[in-house]
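Have a look at final06.txt below; it lists compact mmCIF, C-alpha atoms.
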```txt
# COMPACT_ATOMS: atom_id res chain seq x y z
CA MET A 20 -27.89 -48.32 83.13
CA ALA A 21 -29.10 -51.51 84.85
CA GLY A 22 -29.75 -55.16 84.10
CA ILE A 23 -26.22 -55.95 82.95
CA THR A 24 -25.05 -59.58 82.72
CA GLU A 25 -22.30 -61.58 81.13
CA PRO A 26 -23.26 -62.86 77.64
CA GLN A 27 -23.25 -66.47 78.87
CA THR A 28 -25.72 -65.80 81.70
CA LEU A 29 -29.03 -67.33 80.61
CA SER A 30 -31.06 -66.97 83.82
CA LEU A 31 -30.74 -65.80 87.39
CA LYS A 32 -31.63 -68.00 90.34
CA GLY A 33 -32.30 -67.45 94.02
CA THR A 34 -30.01 -64.88 95.59
CA GLN A 35 -28.61 -63.96 92.17
CA MET A 36 -31.93 -62.26 91.46
CA LYS A 37 -31.36 -59.68 94.18
CA THR A 38 -28.63 -58.04 92.11
CA LEU A 39 -29.49 -55.76 89.22
CA LYS A 40 -25.99 -54.92 88.05
CA THR A 41 -25.77 -51.20 87.37
CA ILE A 42 -23.36 -48.66 85.90
CA ASN A 43 -24.03 -45.07 86.84
CA ASN A 44 -23.24 -42.40 84.25
CA ALA A 45 -22.87 -44.95 81.49
CA TRP A 46 -22.61 -45.18 77.70
CA LEU A 47 -23.96 -47.94 75.45
CA LEU A 48 -22.90 -48.58 71.85
CA ILE A 49 -25.29 -50.34 69.45
CA GLU A 50 -24.28 -51.61 66.02
CA ASN A 51 -26.37 -53.59 63.53
CA GLY A 52 -29.10 -54.02 66.14
CA LEU A 53 -26.76 -55.59 68.70
CA ILE A 54 -25.12 -54.32 71.88
CA LEU A 55 -21.49 -53.82 70.85
CA SER A 56 -20.05 -52.42 74.08
CA PHE A 57 -20.79 -50.27 77.11
CA GLY A 58 -19.07 -48.76 80.12
CA GLU A 59 -18.59 -45.71 82.32
CA MET A 60 -18.60 -42.29 80.70
CA LYS A 61 -15.07 -41.66 81.93
CA ASN A 62 -13.98 -44.51 79.64
CA LEU A 63 -16.03 -43.41 76.63
CA PRO A 64 -14.07 -44.20 73.46
CA GLU A 65 -13.81 -41.74 70.60
CA SER A 66 -16.83 -42.10 68.36
CA LYS A 67 -17.14 -40.69 64.87
CA GLY A 68 -20.02 -41.08 62.49
CA VAL A 69 -22.43 -42.44 65.08
CA ASP A 70 -25.87 -41.19 66.07
CA ILE A 71 -25.90 -40.04 69.67
CA LEU A 72 -28.93 -40.20 71.98
CA ASN A 73 -28.47 -38.26 75.20
CA VAL A 74 -30.49 -39.82 78.03
CA SER A 75 -28.99 -37.92 80.92
CA GLY A 76 -31.02 -38.43 84.10
CA GLN A 77 -32.81 -41.44 82.65
CA ILE A 78 -32.28 -45.18 83.17
CA VAL A 79 -31.52 -47.75 80.48
CA LEU A 80 -32.91 -51.26 81.12
CA PRO A 81 -33.49 -54.45 79.15
CA ALA A 82 -37.00 -54.48 77.71
CA PHE A 83 -39.56 -56.72 79.39
CA VAL A 84 -40.06 -60.22 78.00
CA ASP A 85 -43.67 -61.30 78.55
CA SER A 86 -43.56 -65.09 78.37
CA HIS A 87 -47.25 -65.95 78.86
CA THR A 88 -50.13 -64.24 77.05
CA HIS A 89 -53.38 -65.02 75.25
CA LEU A 90 -53.26 -61.82 73.23
CA VAL A 91 -55.17 -63.06 70.16
CA PHE A 92 -58.89 -63.03 70.94
CA ALA A 93 -62.07 -61.75 69.35
CA GLU A 94 -63.88 -59.90 72.15
CA TRP A 95 -63.39 -58.69 75.69
CA ARG A 96 -65.45 -60.33 78.47
CA GLU A 97 -66.35 -57.38 80.66
CA HIS A 98 -69.85 -58.81 81.26
CA GLU A 99 -68.19 -61.67 83.18
CA PHE A 100 -66.45 -59.02 85.28
CA ILE A 101 -69.90 -57.91 86.38
CA ASP A 102 -70.90 -61.54 87.03
CA ARG A 103 -67.94 -61.90 89.38
CA ILE A 104 -68.78 -58.66 91.17
CA ASN A 105 -72.23 -60.17 91.68
CA GLY A 106 -70.71 -63.22 93.33
CA LEU A 107 -70.04 -65.84 90.64
CA SER A 108 -66.64 -67.53 90.68
CA TYR A 109 -64.44 -68.01 87.61
CA GLN A 110 -65.32 -71.72 87.66
CA GLU A 111 -69.08 -71.00 87.94
CA ILE A 112 -68.93 -68.63 84.98
CA ALA A 113 -67.13 -71.30 82.95
CA ALA A 114 -69.66 -73.96 83.96
CA LYS A 115 -72.53 -71.96 82.48
CA GLY A 116 -70.78 -71.54 79.12
CA GLY A 117 -68.72 -68.46 79.83
CA GLY A 118 -64.98 -68.16 80.16
CA ILE A 119 -62.80 -69.92 77.61
CA LEU A 120 -65.80 -71.47 75.83
CA ASN A 121 -67.33 -68.01 75.36
CA SER A 122 -64.09 -66.73 73.83
CA ALA A 123 -64.00 -69.77 71.53
CA GLU A 124 -67.50 -69.09 70.27
CA LYS A 125 -66.70 -65.45 69.48
CA LEU A 126 -63.40 -66.33 67.83
CA ALA A 127 -65.08 -68.83 65.51
CA GLN A 128 -67.19 -65.96 64.17
CA THR A 129 -64.25 -63.60 63.60
CA SER A 130 -62.03 -63.47 60.54
CA GLU A 131 -58.25 -63.73 60.56
CA GLU A 132 -58.03 -60.16 59.29
CA VAL A 133 -60.04 -58.77 62.19
CA LEU A 134 -58.17 -60.89 64.75
CA LEU A 135 -54.88 -59.62 63.32
CA LYS A 136 -56.04 -56.01 63.52
CA PHE A 137 -57.09 -56.37 67.15
CA ALA A 138 -53.88 -58.19 68.11
CA LEU A 139 -51.63 -55.59 66.49
CA THR A 140 -53.34 -52.87 68.50
CA ARG A 141 -52.72 -54.83 71.70
CA ILE A 142 -49.07 -55.40 70.83
CA GLU A 143 -48.59 -51.69 70.23
CA GLU A 144 -50.18 -50.99 73.62
CA VAL A 145 -47.89 -53.33 75.54
CA MET A 146 -44.84 -51.99 73.74
CA LYS A 147 -45.67 -48.54 75.09
CA THR A 148 -45.20 -49.92 78.61
CA GLY A 149 -41.87 -51.58 77.81
CA THR A 150 -42.53 -55.06 76.43
CA GLY A 151 -39.81 -55.93 73.91
CA ALA A 152 -40.64 -59.61 73.28
CA ILE A 153 -43.76 -61.66 73.85
CA GLU A 154 -45.29 -65.14 73.74
CA ILE A 155 -48.82 -65.61 72.39
CA LYS A 156 -50.95 -68.74 72.81
CA SER A 157 -53.80 -70.16 70.80
CA GLY A 158 -56.52 -71.87 72.85
CA TYR A 159 -59.68 -69.97 71.96
CA GLY A 160 -60.31 -72.14 68.92
CA LEU A 161 -60.91 -75.58 70.46
CA ASN A 162 -61.17 -77.26 67.08
CA LEU A 163 -58.60 -77.93 64.39
CA ASP A 164 -59.59 -75.15 61.99
CA ALA A 165 -59.99 -72.44 64.60
CA GLU A 166 -56.77 -73.31 66.44
CA MET A 167 -54.87 -73.17 63.15
CA LYS A 168 -56.57 -69.86 62.40
CA MET A 169 -55.21 -68.44 65.64
CA LEU A 170 -51.74 -69.76 64.94
CA ARG A 171 -51.80 -68.27 61.43
CA VAL A 172 -52.66 -64.91 62.96
CA ILE A 173 -49.72 -65.24 65.35
CA LYS A 174 -47.46 -66.15 62.42
CA LYS A 175 -48.55 -62.98 60.61
CA LEU A 176 -47.86 -61.00 63.78
CA LYS A 177 -44.34 -62.40 63.81
CA GLU A 178 -43.85 -61.11 60.29
CA ILE A 179 -45.15 -57.57 60.80
CA ALA A 180 -44.78 -56.68 64.49
CA SER A 181 -41.67 -54.87 65.65
CA ILE A 182 -40.89 -57.17 68.59
CA PRO A 183 -39.89 -60.86 68.66
CA ILE A 184 -42.87 -63.20 69.15
CA LYS A 185 -43.06 -66.86 70.15
CA SER A 186 -46.21 -68.90 69.48
CA THR A 187 -47.71 -71.67 71.59
CA LEU A 188 -50.36 -74.20 70.59
CA LEU A 189 -52.85 -74.44 73.45
CA GLY A 190 -55.43 -76.71 71.87
CA ALA A 191 -55.95 -78.37 75.25
CA HIS A 192 -57.18 -75.18 76.91
CA ALA A 193 -60.69 -76.43 77.71
CA VAL A 194 -62.90 -79.33 76.70
CA PRO A 195 -65.40 -78.17 74.02
CA LEU A 196 -69.08 -78.73 74.84
CA LYS A 197 -69.29 -81.21 71.97
CA TYR A 198 -66.76 -83.44 73.75
CA ARG A 199 -67.77 -82.77 77.34
CA ASN A 200 -68.66 -86.46 77.82
CA ASN A 201 -65.90 -87.76 75.57
CA LYS A 202 -62.76 -85.84 76.42
CA ALA A 203 -60.49 -88.61 75.13
CA ASP A 204 -61.67 -88.07 71.56
CA TYR A 205 -60.94 -84.34 71.75
CA LEU A 206 -57.50 -85.03 73.21
CA LYS A 207 -56.78 -87.26 70.21
CA ILE A 208 -57.59 -84.33 67.92
CA VAL A 209 -55.09 -82.21 69.85
CA THR A 210 -52.30 -84.79 69.83
CA ASN A 211 -52.91 -86.50 66.47
CA GLU A 212 -54.08 -83.58 64.35
CA MET A 213 -53.37 -80.14 65.86
CA ILE A 214 -49.81 -80.75 67.03
CA PRO A 215 -48.56 -82.50 63.85
CA LEU A 216 -50.16 -79.87 61.60
CA ALA A 217 -48.88 -76.91 63.62
CA ALA A 218 -45.38 -78.40 63.64
CA SER A 219 -45.32 -79.27 59.94
CA GLU A 220 -46.44 -75.78 58.93
CA GLY A 221 -44.12 -74.00 61.37
CA LEU A 222 -47.00 -72.42 63.23
CA ALA A 223 -45.96 -73.18 66.80
CA ASP A 224 -42.80 -72.94 68.89
CA PHE A 225 -44.29 -74.64 71.98
CA VAL A 226 -47.27 -76.69 73.17
CA ASP A 227 -49.35 -76.01 76.26
CA VAL A 228 -52.17 -77.66 78.21
CA PHE A 229 -54.41 -76.43 81.04
CA CYS A 230 -53.92 -79.06 83.75
CA GLU A 231 -56.83 -78.44 86.13
CA LYS A 232 -60.00 -80.03 87.45
CA ASN A 233 -62.79 -80.07 84.82
CA ASN A 234 -60.16 -79.46 82.13
CA PHE A 235 -57.24 -81.87 81.69
CA ILE A 236 -55.71 -84.16 84.30
CA VAL A 237 -52.04 -85.04 84.67
CA GLU A 238 -52.25 -88.04 82.33
CA ASP A 239 -53.80 -85.80 79.65
CA MET A 240 -51.06 -83.23 80.16
CA LEU A 241 -48.35 -85.83 79.68
CA GLU A 242 -50.03 -87.03 76.51
CA VAL A 243 -49.87 -83.50 75.10
CA ILE A 244 -46.28 -82.97 76.25
CA ASN A 245 -45.14 -86.24 74.68
CA ALA A 246 -46.98 -85.51 71.44
CA GLY A 247 -45.22 -82.16 71.31
CA LYS A 248 -41.84 -83.80 71.85
CA LYS A 249 -42.39 -86.10 68.87
CA HIS A 250 -42.74 -83.03 66.69
CA GLY A 251 -39.97 -80.93 68.21
CA LEU A 252 -42.23 -78.71 70.32
CA ARG A 253 -41.27 -78.27 73.96
CA ALA A 254 -43.99 -77.70 76.55
CA LYS A 255 -44.97 -74.66 78.62
CA VAL A 256 -47.93 -75.70 80.75
CA HIS A 257 -50.69 -74.23 82.93
CA VAL A 258 -50.64 -75.95 86.35
CA ASN A 259 -51.79 -75.35 89.94
CA GLN A 260 -54.06 -72.40 89.29
CA PHE A 261 -56.87 -73.65 91.51
CA ASN A 262 -55.92 -77.19 92.58
CA ILE A 263 -52.84 -79.34 93.17
CA LEU A 264 -53.16 -82.40 90.94
CA GLY A 265 -49.52 -83.46 90.71
CA GLY A 266 -48.96 -81.50 87.52
CA VAL A 267 -45.77 -79.76 88.63
CA PRO A 268 -43.62 -82.86 89.33
CA ALA A 269 -45.06 -84.56 86.24
CA ALA A 270 -44.26 -81.57 84.01
CA VAL A 271 -40.76 -81.23 85.46
CA GLY A 272 -40.15 -84.94 84.93
CA ALA A 273 -41.34 -84.65 81.34
CA GLY A 274 -38.93 -81.79 80.62
CA ALA A 275 -41.34 -78.86 80.35
CA LEU A 276 -39.59 -75.55 79.77
CA SER A 277 -41.89 -73.76 82.22
CA VAL A 278 -44.80 -74.34 84.57
CA ASP A 279 -47.10 -71.33 84.77
CA HIS A 280 -49.64 -70.03 87.32
CA LEU A 281 -48.65 -71.93 90.53
CA GLU A 282 -51.09 -70.07 92.75
CA VAL A 283 -51.30 -73.15 94.97
CA MET A 284 -48.23 -75.28 95.70
CA ASN A 285 -47.03 -77.90 98.18
CA ASP A 286 -43.63 -79.19 99.28
CA ILE A 287 -43.63 -81.88 96.60
CA ASP A 288 -43.98 -79.18 93.94
CA PHE A 289 -41.06 -77.24 95.38
CA ASP A 290 -38.89 -80.35 95.61
CA ALA A 291 -39.59 -81.15 91.96
CA LEU A 292 -38.71 -77.65 90.78
CA ILE A 293 -35.55 -77.53 92.88
CA SER A 294 -34.34 -80.84 91.45
CA GLY A 295 -35.28 -80.04 87.83
CA ASN A 296 -34.63 -77.49 85.11
CA THR A 297 -38.16 -76.19 84.60
CA ILE A 298 -38.78 -72.46 85.11
CA PRO A 299 -41.63 -71.50 87.47
CA THR A 300 -43.70 -68.60 86.12
CA ALA A 301 -45.97 -66.51 88.32
CA LEU A 302 -48.89 -64.55 86.86
CA PRO A 303 -49.85 -61.98 89.52
CA GLY A 304 -52.18 -60.08 87.19
CA CYS A 305 -54.51 -63.07 87.20
CA SER A 306 -54.46 -63.30 91.00
CA PHE A 307 -55.19 -59.59 91.24
CA PHE A 308 -58.10 -59.65 88.79
CA LEU A 309 -59.74 -62.88 90.01
CA ASP A 310 -58.93 -62.21 93.68
CA LEU A 311 -57.01 -65.49 93.96
CA PRO A 312 -54.05 -66.39 96.14
CA TYR A 313 -50.74 -65.18 94.71
CA ALA A 314 -48.10 -67.72 93.72
CA PRO A 315 -45.52 -68.14 96.52
CA ALA A 316 -42.89 -66.24 94.59
CA ARG A 317 -40.90 -65.22 97.66
CA ARG A 318 -40.45 -68.86 98.64
CA MET A 319 -39.49 -69.78 95.07
CA ILE A 320 -36.63 -67.31 95.06
CA ASP A 321 -35.58 -68.23 98.59
CA SER A 322 -35.51 -71.86 97.42
CA GLY A 323 -32.95 -70.97 94.76
CA LEU A 324 -35.33 -71.07 91.77
CA PRO A 325 -35.23 -68.87 88.62
CA LEU A 326 -38.61 -67.22 89.04
CA CYS A 327 -40.23 -65.70 85.96
CA LEU A 328 -43.05 -63.13 85.88
CA ALA A 329 -45.52 -62.74 83.01
CA SER A 330 -48.78 -60.90 82.40
CA ASP A 331 -51.21 -63.69 81.35
CA TYR A 332 -52.83 -61.00 79.18
CA ASN A 333 -56.26 -62.39 78.25
CA PRO A 334 -59.90 -61.24 78.17
CA GLY A 335 -61.16 -63.33 81.07
CA SER A 336 -58.70 -63.40 83.95
CA SER A 337 -56.01 -60.78 83.27
CA PRO A 338 -57.09 -58.08 80.80
CA SER A 339 -53.83 -56.12 80.97
CA GLY A 340 -50.43 -56.67 79.40
CA ASN A 341 -48.70 -53.90 81.36
CA MET A 342 -45.52 -55.54 82.66
CA GLN A 343 -44.73 -52.53 84.85
CA PHE A 344 -47.91 -53.31 86.78
CA ILE A 345 -46.91 -56.99 86.99
CA VAL A 346 -43.57 -55.95 88.50
CA SER A 347 -45.42 -53.73 90.99
CA LEU A 348 -47.78 -56.55 91.99
CA ALA A 349 -44.85 -58.90 92.51
CA CYS A 350 -43.27 -56.43 94.92
CA ILE A 351 -46.45 -55.38 96.72
CA LYS A 352 -48.28 -58.71 96.94
CA GLN A 353 -45.51 -61.31 96.60
CA HIS A 354 -42.83 -59.46 98.57
CA LEU A 355 -40.17 -59.39 95.88
CA LEU A 356 -37.46 -56.75 95.87
CA PRO A 357 -37.60 -54.45 92.83
CA ALA A 358 -34.40 -55.98 91.43
CA GLU A 359 -35.84 -59.49 91.80
CA ALA A 360 -39.06 -58.55 90.06
CA ILE A 361 -37.29 -56.82 87.18
CA ASN A 362 -34.94 -59.78 86.69
CA ALA A 363 -37.97 -62.10 86.73
CA ALA A 364 -39.63 -59.99 84.02
CA THR A 365 -36.56 -59.64 81.78
CA ILE A 366 -33.79 -62.23 81.70
CA ASN A 367 -35.88 -65.00 83.28
CA GLY A 368 -38.76 -64.16 80.97
CA ALA A 369 -36.38 -64.62 78.06
CA ALA A 370 -35.19 -67.92 79.55
CA SER A 371 -38.80 -69.09 79.72
CA LEU A 372 -38.99 -68.64 75.94
CA GLY A 373 -35.55 -70.04 75.16
CA LEU A 374 -34.44 -66.54 74.15
CA SER A 375 -32.06 -65.50 76.91
CA HIS A 376 -29.01 -66.06 74.70
CA GLU A 377 -30.17 -63.00 72.73
CA LEU A 378 -32.62 -61.04 74.92
CA GLY A 379 -33.43 -60.14 78.50
CA SER A 380 -30.33 -58.34 79.71
CA ILE A 381 -27.73 -55.81 78.68
CA ALA A 382 -24.82 -57.91 77.49
CA VAL A 383 -22.35 -57.69 74.64
CA GLY A 384 -23.71 -59.51 71.60
CA LYS A 385 -27.35 -59.51 72.68
CA LYS A 386 -30.05 -57.74 70.68
CA ALA A 387 -30.52 -54.12 71.62
CA ASN A 388 -34.06 -54.47 72.93
CA ILE A 389 -34.03 -51.90 75.71
CA ILE A 390 -36.16 -49.44 77.64
CA ILE A 391 -35.19 -45.87 78.32
CA THR A 392 -37.17 -44.57 81.26
CA LYS A 393 -38.36 -41.07 81.88
CA GLU A 394 -36.36 -39.14 84.46
CA ILE A 395 -37.00 -41.16 87.63
CA PRO A 396 -35.10 -41.14 90.92
CA SER A 397 -34.17 -44.83 90.98
CA ILE A 398 -34.96 -48.32 89.73
CA ASP A 399 -37.15 -48.80 92.81
CA PHE A 400 -39.48 -46.10 91.50
CA ILE A 401 -40.72 -48.46 88.74
CA PRO A 402 -42.72 -50.79 91.04
CA TYR A 403 -43.33 -48.03 93.59
CA SER A 404 -45.23 -45.84 91.11
CA PHE A 405 -47.76 -48.53 90.21
CA GLY A 406 -50.32 -47.67 87.56
CA GLY A 407 -48.11 -45.14 85.82
CA ASN A 408 -45.81 -45.53 82.83
CA VAL A 409 -42.14 -44.74 83.34
CA VAL A 410 -41.13 -45.68 79.78
CA ASP A 411 -39.90 -42.81 77.63
CA LYS A 412 -38.58 -44.86 74.70
CA LEU A 413 -38.51 -48.48 73.58
CA ILE A 414 -35.62 -49.56 71.39
CA VAL A 415 -36.00 -52.84 69.47
CA GLY A 416 -33.12 -54.22 67.47
CA GLY A 417 -31.32 -50.92 67.84
CA HIS A 418 -34.23 -48.89 66.42
CA ILE A 419 -36.34 -46.43 68.41
CA ILE A 420 -39.97 -47.48 68.14
CA ASP A 421 -42.38 -44.63 67.51
```
Is it possible to give me this structure as C-alpha cells?
Amino acid sequence: MAGITEPQTLSLKGTQMKTLKTINNAWLLIENGLILSFGEMKNLPESKGVDILNVSGQIVLPAFVDSHTHLVFAEWREHEFIDRINGLSYQEIAAKGGGILNSAEKLAQTSEEVLLKFALTRIEEVMKTGTGAIEIKSGYGLNLDAEMKMLRVIKKLKEIASIPIKSTLLGAHAVPLKYRNNKADYLKIVTNEMIPLAASEGLADFVDVFCEKNNFIVEDMLEVINAGKKHGLRAKVHVNQFNILGGVPAAVGAGALSVDHLEVMNDIDFDALISGNTIPTALPGCSFFLDLPYAPARRMIDSGLPLCLASDYNPGSSPSGNMQFIVSLACIKQHLLPAEAINAATINGAASLGLSHELGSIAVGKKANIIITKEIPSIDFIPYSFGGNVVDKLIVGGHIID
C-alpha cells in the first residue's frame, strides 16, 4: 500500500514529493465510504462481520485526481490531426476556423442529452485507468446559452457519475468570430452575464481563461478572475502554453488556485510561484500530442513547488484522459521520479481542486477512492510500462466500481 499521508497533509512540495510512503504487507479498513484505519498485517485487529477483499501481490494506491479536462465536447477533431501531420501548426489550424472555434460550432448543434451520453462514456473510460475524481471545463460554447448548456451537462454528470466532479466555467476560451474585432464586448458577456448566471444557478465551482496571444491578454485574465471572485468562484487559468505574457505572476497575485500548461516559463514566473500559494499544473499529454516543449516540471519540484499533473483531455490537443500515461510522460520526458509523478497526479491533483482534505492520499478520514493494481513488481512499474493499464479495480467511496 502506497501514497499514505497524515490527514492534515493537503499537498506535497519539492523534496516531499520524492517520498511515496508505503506499508508492505498491509491491511486497510473502510467504513461508510471512508478510510477508517490501516496498518501492517502483523497488527491486523480482529474483524467480524466485514467483507474481506484479498489483494495479495497487488498494490493499493490513491486514485488519480485529474484536475484539468475538457471532457464535454460534441465531436473529435481527428481531421486536424492530419492537418498537423501535413505541416500546419495548432495556431494555423485555429486561424482558419479550426480548433476551439470548430468545437464550438459542433457543440452548438448537439443536444444536452447527446453531450451527456458522450461524456458519460468518456468518464467510464478514464475510470478504467484509475481516475477517481475529475475537473471538467466548459469553453466550447462561446456564447451565453451554449456555455450554460455545457455547465448543465456537467451538473448532470455530477449527479449520475460515480466519481466526484468539479466544474469550471471557461467562457473566455477563445474569441468568437462574431467578436473578433470587438473582444471587449465578448469579455463583458463573460464577466457580466456568464459568471453571475453560472454562480447563481450553482453550475460552476471555478472560472478559467485562456491567457495567450490572439486569445486573452493579462488584463482580460484579471478581469475574469476578479469577476469570479465577486461571485465566489476562484480561478484556475490557462497560461504560458505558447508565449510568456506575464500571466503567471498576475494570476498568482490575484490568488488563482492553479496556473495550468506552463510549457514556457522564465525566472519571473518561478519567483512568483515560489512566493505565492498557486499550484503549477503541467499537462504533458498536450506537449506530447502537439509536439510542444514540456513544462519544466523538474525545475518546479527542485524549486520547492507543489507540482500537479493533469491530462488536459480534449479533442484538439490531448485526446486521452489516461492518467497512467500522463505519469509515464512526466517521468520519461520531464525527468520526474515515479513517486513524484504519482504524488503530482493524486494528492496535488486534489489540492488543485480544493479537495485534498478528502481525496488524493490514503489517510484516516479521507474518502476511500483508491486503485488496486494488478500484480506488478513495484510502484515504478506504473510509469515504466507506458501504454498499458495496471489497474485491476477502482474503489470509489468504498464501493468497487464495475
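Coordinates place CA of Ala254 (chain A) at a distance of 17.4 Å from CA of Ile208 (chain A).
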For this session: Please provide the set of residues having any atom within 9 Å of Ser347 (chain A), restricted to all atoms listed in the file, with same-chain residues fewer than 4 positions apart removed, written as a PyMOL selection string.
Result: chain A and resi 342-343+351-352+357+360+401-406
Exercise. Hey, which of A:Leu139, A:Leu413, A:Leu324, A:Leu72 ends up closest to Ser294 (chain A)? Count all atoms listed in the file.
Worked result: A:Leu324
Problem set entry | Which of A:Lys385, A:Lys136, A:Lys147, A:Lys202 sits closest to Thr28 (chain A) [using only C-alpha atoms] |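 Looking at the shortest contact to Thr28 (chain A), the residue is A:Lys385.
The nearest approach to Asn341 (chain A) among the residues A:Met60, A:Asn408, A:Gly416, A:Leu120, with all atoms listed in the file taken into account, belongs to A:Asn408.
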Exercise. What separation in Å, quoted to one decimal, exists between CA of Ile287 (chain A) and CA of Phe235 (chain A)?
Worked result: 20.2 Å
Residues of region 301-380 of chain A within 12 Å of region 263-275 of chain A: nearest atom pair and distance (Å, one decimal) for each, counting only C-alpha atoms, sorted by chain and number, as a Markdown table?
```
| residue | atom | partner | partner_atom | distance |
| --- | --- | --- | --- | --- |
| A:Ser371 | CA | A:Ala275 | CA | 10.1 |
| A:Leu372 | CA | A:Ala275 | CA | 11.4 |
| A:Gly373 | CA | A:Ala275 | CA | 11.8 |
```
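In this comparison, which uses only C-alpha atoms, the residue of A:Ser130, A:Asn43, A:Ser186, A:Ser181 approaching Ile419 (chain A) most closely is A:Ser181.
CA of Glu111 (chain A) to CA of Cys305 (chain A) spans 16.6 Å [interatomic distance, one decimal].
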Problem set entry | Of the listed residues A:Trp46, A:Tyr159, A:Phe307, A:Phe289, that which approaches Ile78 (chain A) most closely, counting all atoms listed in the file |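 Selected residue with least distance to Ile78 (chain A): A:Trp46.
Each of A:Leu29, A:Leu309, A:Ile361, A:Ile49 was checked against Gln110 (chain A) using all atoms listed in the file; the smallest atom-to-atom distance is that of A:Leu309.
Excluding region 62-64 of chain A itself and any same-chain residue fewer than 2 positions from it, the protein and nucleic acid residues within 10 Å of it, counting only C-alpha atoms, are Ala45, Trp46, Leu47, Leu48, Phe57, Gly58, Glu59, Met60, Ser66 and Lys67 of chain A.
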Problem set entry | Shell around Lys125 (chain A) at 10 Å using all atoms listed in the file, local window under 5 positions removed, as a list in words |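 The residues satisfying every condition are Phe92, Ala93, Glu94, Trp95, Leu120, Tyr159 and Gly160 of chain A.
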Problem set entry | Spatial neighbours of Val383 (chain A), 6 Å, all atoms listed in the file, chain gap at least 5 places, as a VMD selection string | chain A and resid 54 to 56
For this session: Quick one: everything within 12 Å of Ile173 (chain A), counting only C-alpha atoms, minus sequence neighbours fewer than 3 positions away in the same chain. Send it as an NGL selection string.
Result: :A and (88-92 or 131-132 or 134-139 or 142 or 153-157 or 166-170 or 176-180 or 183-188 or 217 or 221-224)
